[in-house]
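Visitor: What follows is the file data.tsv, containing TSV, C-alpha atoms and all ligand atoms:
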chain	number	residue	atom	x	y	z
A	1	MET	CA	-57.85	-87.88	66.57
A	2	SER	CA	-56.11	-90.41	64.30
A	3	ASP	CA	-57.57	-93.92	64.07
A	4	PRO	CA	-57.02	-95.76	67.35
A	5	LEU	CA	-54.77	-98.80	67.16
A	6	VAL	CA	-56.12	-102.11	68.45
A	7	LYS	CA	-54.27	-104.86	70.26
A	8	ILE	CA	-55.87	-108.28	70.60
A	9	CYS	CA	-54.10	-110.07	73.42
A	10	GLY	CA	-53.97	-113.71	74.48
A	11	VAL	CA	-53.79	-115.31	71.05
A	12	LYS	CA	-53.35	-119.09	71.32
A	13	ASP	CA	-54.13	-120.39	67.82
A	14	ALA	CA	-53.50	-119.51	64.18
A	15	GLU	CA	-57.19	-119.19	63.35
A	16	THR	CA	-57.61	-116.39	65.91
A	17	ALA	CA	-54.39	-114.68	64.84
A	18	ILE	CA	-55.37	-114.73	61.15
A	19	GLY	CA	-58.99	-113.68	61.82
A	20	ALA	CA	-57.87	-110.75	63.97
A	21	ALA	CA	-55.21	-109.58	61.50
A	22	ARG	CA	-57.62	-109.91	58.58
A	23	ALA	CA	-60.10	-107.73	60.49
A	24	GLY	CA	-57.46	-105.03	61.04
A	25	ALA	CA	-55.74	-105.76	64.38
A	26	ASP	CA	-52.61	-103.63	64.72
A	27	PHE	CA	-50.98	-105.71	67.48
A	28	LEU	CA	-51.38	-109.34	68.54
A	29	GLY	CA	-50.31	-110.38	72.02
A	30	PHE	CA	-48.91	-113.74	73.14
A	31	VAL	CA	-48.99	-114.44	76.87
A	32	PHE	CA	-45.74	-116.10	78.02
A	33	PHE	CA	-46.91	-116.37	81.64
A	34	ARG	CA	-47.62	-119.88	82.82
A	35	LYS	CA	-50.30	-118.98	85.37
A	36	SER	CA	-52.51	-117.51	82.64
A	37	PRO	CA	-55.28	-119.44	80.86
A	38	ARG	CA	-53.86	-117.73	77.75
A	39	PHE	CA	-50.33	-119.11	78.14
A	40	VAL	CA	-48.53	-120.17	74.97
A	41	SER	CA	-45.02	-121.57	74.70
A	42	ALA	CA	-42.51	-119.88	72.39
A	43	GLU	CA	-42.64	-122.96	70.16
A	44	ALA	CA	-46.43	-122.74	69.81
A	45	ALA	CA	-46.24	-118.98	69.18
A	46	GLU	CA	-43.67	-119.58	66.45
A	47	GLU	CA	-46.01	-122.02	64.65
A	48	ILE	CA	-48.90	-119.54	64.89
A	49	ILE	CA	-46.73	-116.71	63.53
A	50	LEU	CA	-45.53	-118.84	60.59
A	51	ASP	CA	-49.15	-119.56	59.61
A	52	LEU	CA	-50.06	-115.89	60.10
A	53	LYS	CA	-47.20	-114.70	57.86
A	54	GLN	CA	-48.20	-117.16	55.16
A	55	ALA	CA	-51.84	-115.99	55.27
A	56	SER	CA	-50.72	-112.35	55.20
A	57	PHE	CA	-48.64	-113.07	52.10
A	58	ASP	CA	-51.41	-115.09	50.38
A	59	GLU	CA	-54.27	-112.70	51.17
A	60	GLY	CA	-52.42	-109.38	51.24
A	61	PHE	CA	-53.51	-108.17	54.68
A	62	ALA	CA	-50.99	-106.23	56.79
A	63	MET	CA	-48.95	-108.11	59.37
A	64	PRO	CA	-49.74	-106.87	62.87
A	65	ARG	CA	-46.95	-106.10	65.30
A	66	LEU	CA	-46.25	-109.05	67.58
A	67	VAL	CA	-46.15	-108.53	71.33
A	68	GLY	CA	-44.93	-110.91	74.04
A	69	LEU	CA	-46.47	-110.46	77.48
A	70	PHE	CA	-44.11	-111.22	80.38
A	71	VAL	CA	-44.26	-111.13	84.17
A	72	ASP	CA	-40.83	-111.06	85.86
A	73	THR	CA	-39.48	-113.42	83.21
A	74	GLY	CA	-35.81	-114.43	83.20
A	75	GLU	CA	-33.45	-113.48	80.38
A	76	LYS	CA	-33.13	-117.03	79.07
A	77	GLU	CA	-36.85	-117.26	78.39
A	78	LEU	CA	-36.92	-113.73	76.95
A	79	SER	CA	-34.10	-114.62	74.57
A	80	VAL	CA	-36.06	-117.57	73.16
A	81	ALA	CA	-39.17	-115.49	72.45
A	82	ALA	CA	-37.48	-112.23	71.38
A	83	PRO	CA	-36.71	-113.17	67.74
A	84	LEU	CA	-40.46	-113.67	67.16
A	85	LEU	CA	-41.50	-110.30	68.54
A	86	SER	CA	-41.56	-106.58	67.85
A	87	HIS	CA	-42.52	-105.65	71.44
A	88	PHE	CA	-42.08	-106.88	75.02
A	89	GLN	CA	-45.03	-106.05	77.29
A	90	PHE	CA	-44.05	-106.10	80.98
A	91	HIS	CA	-46.58	-106.64	83.79
A	92	GLY	CA	-44.24	-107.57	86.65
A	93	HIS	CA	-41.72	-105.75	88.84
A	94	GLU	CA	-39.49	-104.72	85.91
A	95	SER	CA	-38.05	-101.29	86.80
A	96	ALA	CA	-37.71	-98.45	84.31
A	97	GLU	CA	-33.99	-99.14	84.06
A	98	ARG	CA	-34.61	-102.85	83.42
A	99	CYS	CA	-37.24	-102.12	80.76
A	100	GLU	CA	-34.77	-99.91	78.94
A	101	GLU	CA	-31.94	-102.45	79.22
A	102	LEU	CA	-34.07	-105.35	77.99
A	103	GLY	CA	-35.52	-103.39	75.08
A	104	ALA	CA	-32.01	-102.43	73.94
A	105	GLU	CA	-30.52	-105.88	74.55
A	106	PHE	CA	-33.17	-107.71	72.53
A	107	GLY	CA	-33.87	-105.02	69.91
A	108	VAL	CA	-37.59	-104.75	70.70
A	109	GLU	CA	-39.87	-101.91	71.73
A	110	VAL	CA	-41.21	-101.93	75.28
A	111	ILE	CA	-44.81	-101.65	76.47
A	112	ARG	CA	-45.01	-101.10	80.25
A	113	ALA	CA	-48.26	-101.98	82.03
A	114	ILE	CA	-49.35	-99.46	84.68
A	115	PRO	CA	-52.05	-100.85	87.00
A	116	VAL	CA	-54.62	-98.17	87.74
A	117	THR	CA	-57.30	-97.57	90.32
A	118	GLY	CA	-57.16	-93.78	90.27
A	119	PRO	CA	-55.20	-90.63	89.27
A	120	ASP	CA	-52.32	-91.32	91.71
A	121	ASP	CA	-51.45	-94.49	89.80
A	122	VAL	CA	-51.52	-92.56	86.53
A	123	ALA	CA	-49.01	-90.07	87.95
A	124	ALA	CA	-46.69	-92.99	88.78
A	125	ALA	CA	-46.36	-93.65	85.05
A	126	LYS	CA	-43.89	-90.73	84.81
A	127	GLU	CA	-41.20	-93.10	86.04
A	128	PHE	CA	-41.46	-95.04	82.75
A	129	ALA	CA	-41.77	-92.05	80.40
A	130	GLU	CA	-38.31	-92.54	78.90
A	131	ALA	CA	-37.93	-96.29	79.37
A	132	ALA	CA	-41.12	-97.40	77.63
A	133	ASP	CA	-42.14	-96.83	74.02
A	134	ILE	CA	-45.78	-97.32	74.97
A	135	LEU	CA	-47.57	-97.28	78.33
A	136	LEU	CA	-50.50	-99.61	78.96
A	137	PHE	CA	-52.97	-98.28	81.51
A	138	ASP	CA	-54.78	-101.34	82.82
A	139	ALA	CA	-57.10	-102.01	85.77
A	140	LYS	CA	-55.49	-103.26	89.00
A	141	PRO	CA	-56.28	-106.96	89.35
A	142	PRO	CA	-58.94	-107.97	91.92
A	143	PRO	CA	-57.94	-109.09	95.46
A	144	GLY	CA	-56.63	-112.66	95.49
A	145	ALA	CA	-55.64	-112.51	91.81
A	146	VAL	CA	-53.08	-115.09	90.66
A	147	ARG	CA	-51.94	-112.97	87.70
A	148	PRO	CA	-51.54	-109.21	87.26
A	149	GLY	CA	-54.16	-108.80	84.52
A	150	GLY	CA	-56.61	-110.33	82.11
A	151	TYR	CA	-59.63	-110.45	84.45
A	152	GLY	CA	-61.94	-108.18	82.46
A	153	ALA	CA	-61.80	-105.63	85.29
A	154	SER	CA	-62.04	-101.97	84.32
A	155	PHE	CA	-61.19	-98.64	85.96
A	156	ASP	CA	-62.64	-95.16	85.72
A	157	TRP	CA	-61.21	-93.92	82.39
A	158	SER	CA	-61.50	-90.30	83.57
A	159	ALA	CA	-58.46	-91.03	85.79
A	160	LEU	CA	-56.38	-90.70	82.61
A	161	ALA	CA	-57.25	-87.00	82.37
A	162	SER	CA	-54.36	-86.43	84.80
A	163	TYR	CA	-51.86	-87.96	82.35
A	164	ASP	CA	-49.88	-85.15	80.76
A	165	GLY	CA	-46.92	-87.17	79.46
A	166	GLU	CA	-45.90	-87.57	75.83
A	167	THR	CA	-45.28	-91.32	75.86
A	168	PRO	CA	-48.15	-92.84	73.85
A	169	TYR	CA	-50.53	-95.06	75.77
A	170	LEU	CA	-52.98	-97.89	75.26
A	171	LEU	CA	-56.12	-98.19	77.37
A	172	ALA	CA	-56.93	-101.71	78.68
A	173	GLY	CA	-59.02	-103.47	81.27
A	174	GLY	CA	-62.56	-104.72	80.90
A	175	LEU	CA	-62.95	-103.61	77.30
A	176	ALA	CA	-65.40	-105.43	75.04
A	177	PRO	CA	-67.29	-104.83	71.77
A	178	GLU	CA	-70.09	-103.26	73.84
A	179	ASN	CA	-68.00	-100.52	75.52
A	180	VAL	CA	-64.93	-99.93	73.35
A	181	ALA	CA	-66.46	-97.03	71.38
A	182	ASP	CA	-67.23	-95.23	74.68
A	183	ALA	CA	-63.71	-95.95	75.94
A	184	ILE	CA	-62.21	-94.42	72.79
A	185	ALA	CA	-64.57	-91.44	72.94
A	186	SER	CA	-63.48	-90.82	76.55
A	187	GLN	CA	-59.89	-90.29	75.28
A	188	LYS	CA	-60.66	-88.19	72.21
A	189	ASP	CA	-58.94	-85.03	73.48
A	190	ARG	CA	-55.87	-86.84	74.75
A	191	PRO	CA	-52.90	-86.34	72.37
A	192	ALA	CA	-50.92	-89.33	73.69
A	193	PHE	CA	-53.82	-91.78	73.33
A	194	LEU	CA	-52.71	-94.51	70.92
A	195	GLY	CA	-55.43	-97.13	71.14
A	196	VAL	CA	-57.03	-100.00	73.04
A	197	ASP	CA	-56.08	-103.48	74.19
A	198	VAL	CA	-58.43	-106.37	74.94
A	199	SER	CA	-58.26	-109.96	76.05
A	200	SER	CA	-61.11	-111.45	78.07
A	201	GLY	CA	-63.80	-109.22	76.51
A	202	VAL	CA	-63.43	-111.08	73.21
A	203	GLU	CA	-63.56	-114.58	74.75
A	204	SER	CA	-66.34	-117.12	75.28
A	205	ALA	CA	-64.46	-118.57	78.31
A	206	PRO	CA	-61.08	-117.72	79.93
A	207	GLY	CA	-58.45	-118.37	77.27
A	208	VAL	CA	-60.93	-119.16	74.47
A	209	LYS	CA	-61.13	-116.38	71.88
A	210	ASP	CA	-64.48	-115.91	70.14
A	211	ALA	CA	-63.94	-115.05	66.45
A	212	GLU	CA	-67.18	-113.08	66.18
A	213	ARG	CA	-66.39	-110.99	69.29
A	214	VAL	CA	-62.88	-110.27	67.99
A	215	LYS	CA	-64.37	-109.00	64.72
A	216	ALA	CA	-67.07	-107.02	66.53
A	217	PHE	CA	-64.44	-105.40	68.77
A	218	LEU	CA	-62.31	-104.35	65.81
A	219	ALA	CA	-65.34	-103.00	63.92
A	220	ALA	CA	-66.51	-100.97	66.93
A	221	ALA	CA	-63.01	-99.63	67.65
A	222	LYS	CA	-62.24	-98.68	64.06
A	223	LYS	CA	-65.68	-97.20	63.29
B	1	LIG	O1	-54.39	-112.09	79.96
B	1	LIG	C1	-53.74	-112.55	80.91
B	1	LIG	O2	-53.91	-113.70	81.29
B	1	LIG	C2	-52.73	-111.70	81.59
B	1	LIG	C3	-51.83	-112.30	82.43
B	1	LIG	C4	-50.88	-111.54	83.08
B	1	LIG	C5	-50.82	-110.17	82.88
B	1	LIG	C6	-51.73	-109.55	82.05
B	1	LIG	C7	-52.69	-110.29	81.39
B	1	LIG	N1	-53.60	-109.72	80.55
B	1	LIG	C8	-53.59	-108.39	80.05
B	1	LIG	O3	-54.41	-107.55	80.81
B	1	LIG	C9	-54.96	-106.53	79.96
B	1	LIG	C10	-56.46	-106.43	80.14
B	1	LIG	O4	-57.08	-107.65	79.98
B	1	LIG	P1	-58.69	-107.78	79.90
B	1	LIG	O5	-59.10	-107.25	78.55
B	1	LIG	O6	-59.28	-106.96	81.00
B	1	LIG	O7	-58.95	-109.22	80.03
B	1	LIG	C11	-54.55	-106.89	78.55
B	1	LIG	O8	-53.36	-106.21	78.21
B	1	LIG	C12	-54.23	-108.34	78.68
B	1	LIG	O9	-53.36	-108.74	77.73
Now, as a test, write the supplied structure out as C-alpha cells.

Guide:
Amino acid sequence: MSDPLVKICGVKDAETAIGAARAGADFLGFVFFRKSPRFVSAEAAEEIILDLKQASFDEGFAMPRLVGLFVDTGEKELSVAAPLLSHFQFHGHESAERCEELGAEFGVEVIRAIPVTGPDDVAAAKEFAEAADILLFDAKPPPGAVRPGGYGASFDWSALASYDGETPYLLAGGLAPENVADAIASQKDRPAFLGVDVSSGVESAPGVKDAERVKAFLAAAKK
C-alpha cells in the first residue's frame, strides 16, 4: 500500500494551515457552510492561503491541495471561492451530473461525500464513479444534526469491503490520532483506498483546531 494521503479539514487560521502543511498534510479543507462552527468566508480563506504560500516558499515545505467544502451552494458563491481551490468537496444534494458540470465549469477536481451507515450506502457510491475524482466515505450525521458532517461520528469501516469501484476514496468520520492507524490498517488490502480525512478529532472544541493533535494525527497516519 502506498503512503495514505491525509486531509485536515476545517482550517480557520493561518497558524493551523501552516502547522498542518509543515507536518505533511496533503489536503487542507475550508468549510464554506455557514451552519458549521468551522465556517470561513472566501475572503478569510484567501488571507490564510496567502500566508500559507509565503511560508511554503520561505521554508520549502510542499503546498497541500486546497479543498472547499460546500453544501448545496449556489454558483455565485462557488465562483468566488473556486480560484483559491484545487478541489470542491460536496456534502449536499449535488447529483452526479451536477458534480461533473461544476468540476468542469470551475476547473477543479471533485470530492463527493457519501454518508455511510452500512454496505448498502457504499453500493450507492457507484452513481458517482465517473462524476467524482475522489469519493469521501463519511459517517451519516446523528439524528437532529444541523449539518451533514463534522460531528466526530464514525461507522463500521468493514462496510467498505463491499466497495469494488476504481474511483479512489478517502475514509472520514470520527477519526483521531488514537484510531487513525487502525482505520488505515483496516483498508490495507483495498486498492482504491487513498487516505483519511479528519476534522473534529484534531480539535479542542468545535471549530478550534489543536496544533498538537493535528501533528499527532499526521504522525500516526504517516507512520
Ligand atoms: O466539519 C463540518 O462542520 C462539516 C460541515 C458540513 C459537512 C461536513 C463537515 N465536515 C466533514 O465531515 C467529515 C468528518 O468529520 P469529523 O472528522 O468526523 O469531524 C470531514 O470531511 C469533515 O470535513

Visitor: With a distance cut-off of 12 Å and only C-alpha atoms, select the neighbouring residues of A:Asp58, excluding the residue or stretch itself and same-chain residues fewer than 6 positions from it, and output the selection as a PDB file with C-alpha atoms, keeping the file's coordinate frame.

Guide:
ATOM      1  CA  ILE A  18     -55.370-114.730  61.150  1.00  0.00           C
ATOM      2  CA  ARG A  22     -57.620-109.910  58.580  1.00  0.00           C
ATOM      3  CA  ASP A  51     -49.150-119.560  59.610  1.00  0.00           C
ATOM      4  CA  LEU A  52     -50.060-115.890  60.100  1.00  0.00           C
TER       5      LEU A  52
END

Visitor: Write out as a ChimeraX atom specification the residues lying within 7 Å of stretch 38-46 of chain A, counting only C-alpha atoms and excluding same-chain residues fewer than 2 positions away.

Guide: /A:10,12,30-34,36,48-50,80-81,84,207

Visitor: When you draw a straight line from atom CA of A:Phe193 to atom CA of A:Ala153, how long is it in Å?

Guide: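 According to the coordinates, atom CA of A:Phe193 and atom CA of A:Ala153 are separated by 20.0 Å.
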
Visitor: What's around A:Leu85 at 8 Å? Count only C-alpha atoms, leave out sequence neighbours fewer than 4 positions away in its own chain, and write the answer as a list in words.

Guide: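 The residues satisfying every condition are Arg65, Leu66, Val67, Gly68, Ala81 and Val108 of chain A.
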
Visitor: Nearest to ligand LIG 1 (chain B) among A:Asp72, A:Glu109, A:Glu59, A:Asp120, with distances taken over all atoms listed in the file: which residue is it?

Guide: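 With all atoms listed in the file as the atom set, the closest residue is A:Asp72.
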
Visitor: Which residues form the shell of 6 Å around ligand LIG 1 (chain B) when you count all atoms listed in the file, given as a VMD selection string?

Guide: chain A and resid 9 to 10 36 to 38 91 138 147 to 153 172 to 175 197 to 201

Visitor: Which residues come within 9 Å of A:Leu78, counting all atoms listed in the file, excluding same-chain residues fewer than 5 positions away, as a list in words?

Guide: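 Listed by chain and then number, they are Gly68, Phe70, Thr73, Phe88, Leu102 and Phe106 of chain A.
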
Visitor: Can you work out the spacing between atom CA of A:Leu218 and atom CA of A:Ala25 in Å, to one decimal?

Guide: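 For atom CA of A:Leu218 relative to atom CA of A:Ala25, the distance reads 6.9 Å.
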
Visitor: Which of these, A:Pro119, A:Gly92, A:Gly195, A:Pro141, has the shortest distance to A:Ser162 once you count only C-alpha atoms?

Guide: A:Pro119

Visitor: How many Å lie between atom CA of A:Ala192 and atom CA of A:Pro142, rounded to one decimal?

Guide: 27.3 Å

Visitor: Which residue is closest to A:Thr16? Choose from A:Ala124, A:Leu170, A:Glu100, A:Gly29 and count only C-alpha atoms.

Guide: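 Checking each of A:Ala124, A:Leu170, A:Glu100, A:Gly29 against A:Thr16, counting only C-alpha atoms, the winner is A:Gly29.
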
Visitor: Find the residues around A:Gly107 up to 9 Å (all atoms listed in the file counted), leave out those fewer than 5 positions away in its own chain, and share them as a list in words.

Guide: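 Once the nearby chain positions are removed, what remains is Ala82, Pro83, Ser86, His87 and Leu102 of chain A.
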
Visitor: Which of these residues is nearest to A:Val116, using all atoms listed in the file: A:Lys140, A:Lys53, A:His93, A:Arg98?

Guide: A:Lys140

Visitor: Let me make sure I understand: among A:Glu94, A:Asp189, A:Gly19, A:Ala14, which one has the smallest atom-to-atom distance to A:Glu47 if we use all atoms listed in the file?

Guide: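 Distance minimum relative to A:Glu47 lands on A:Ala14.
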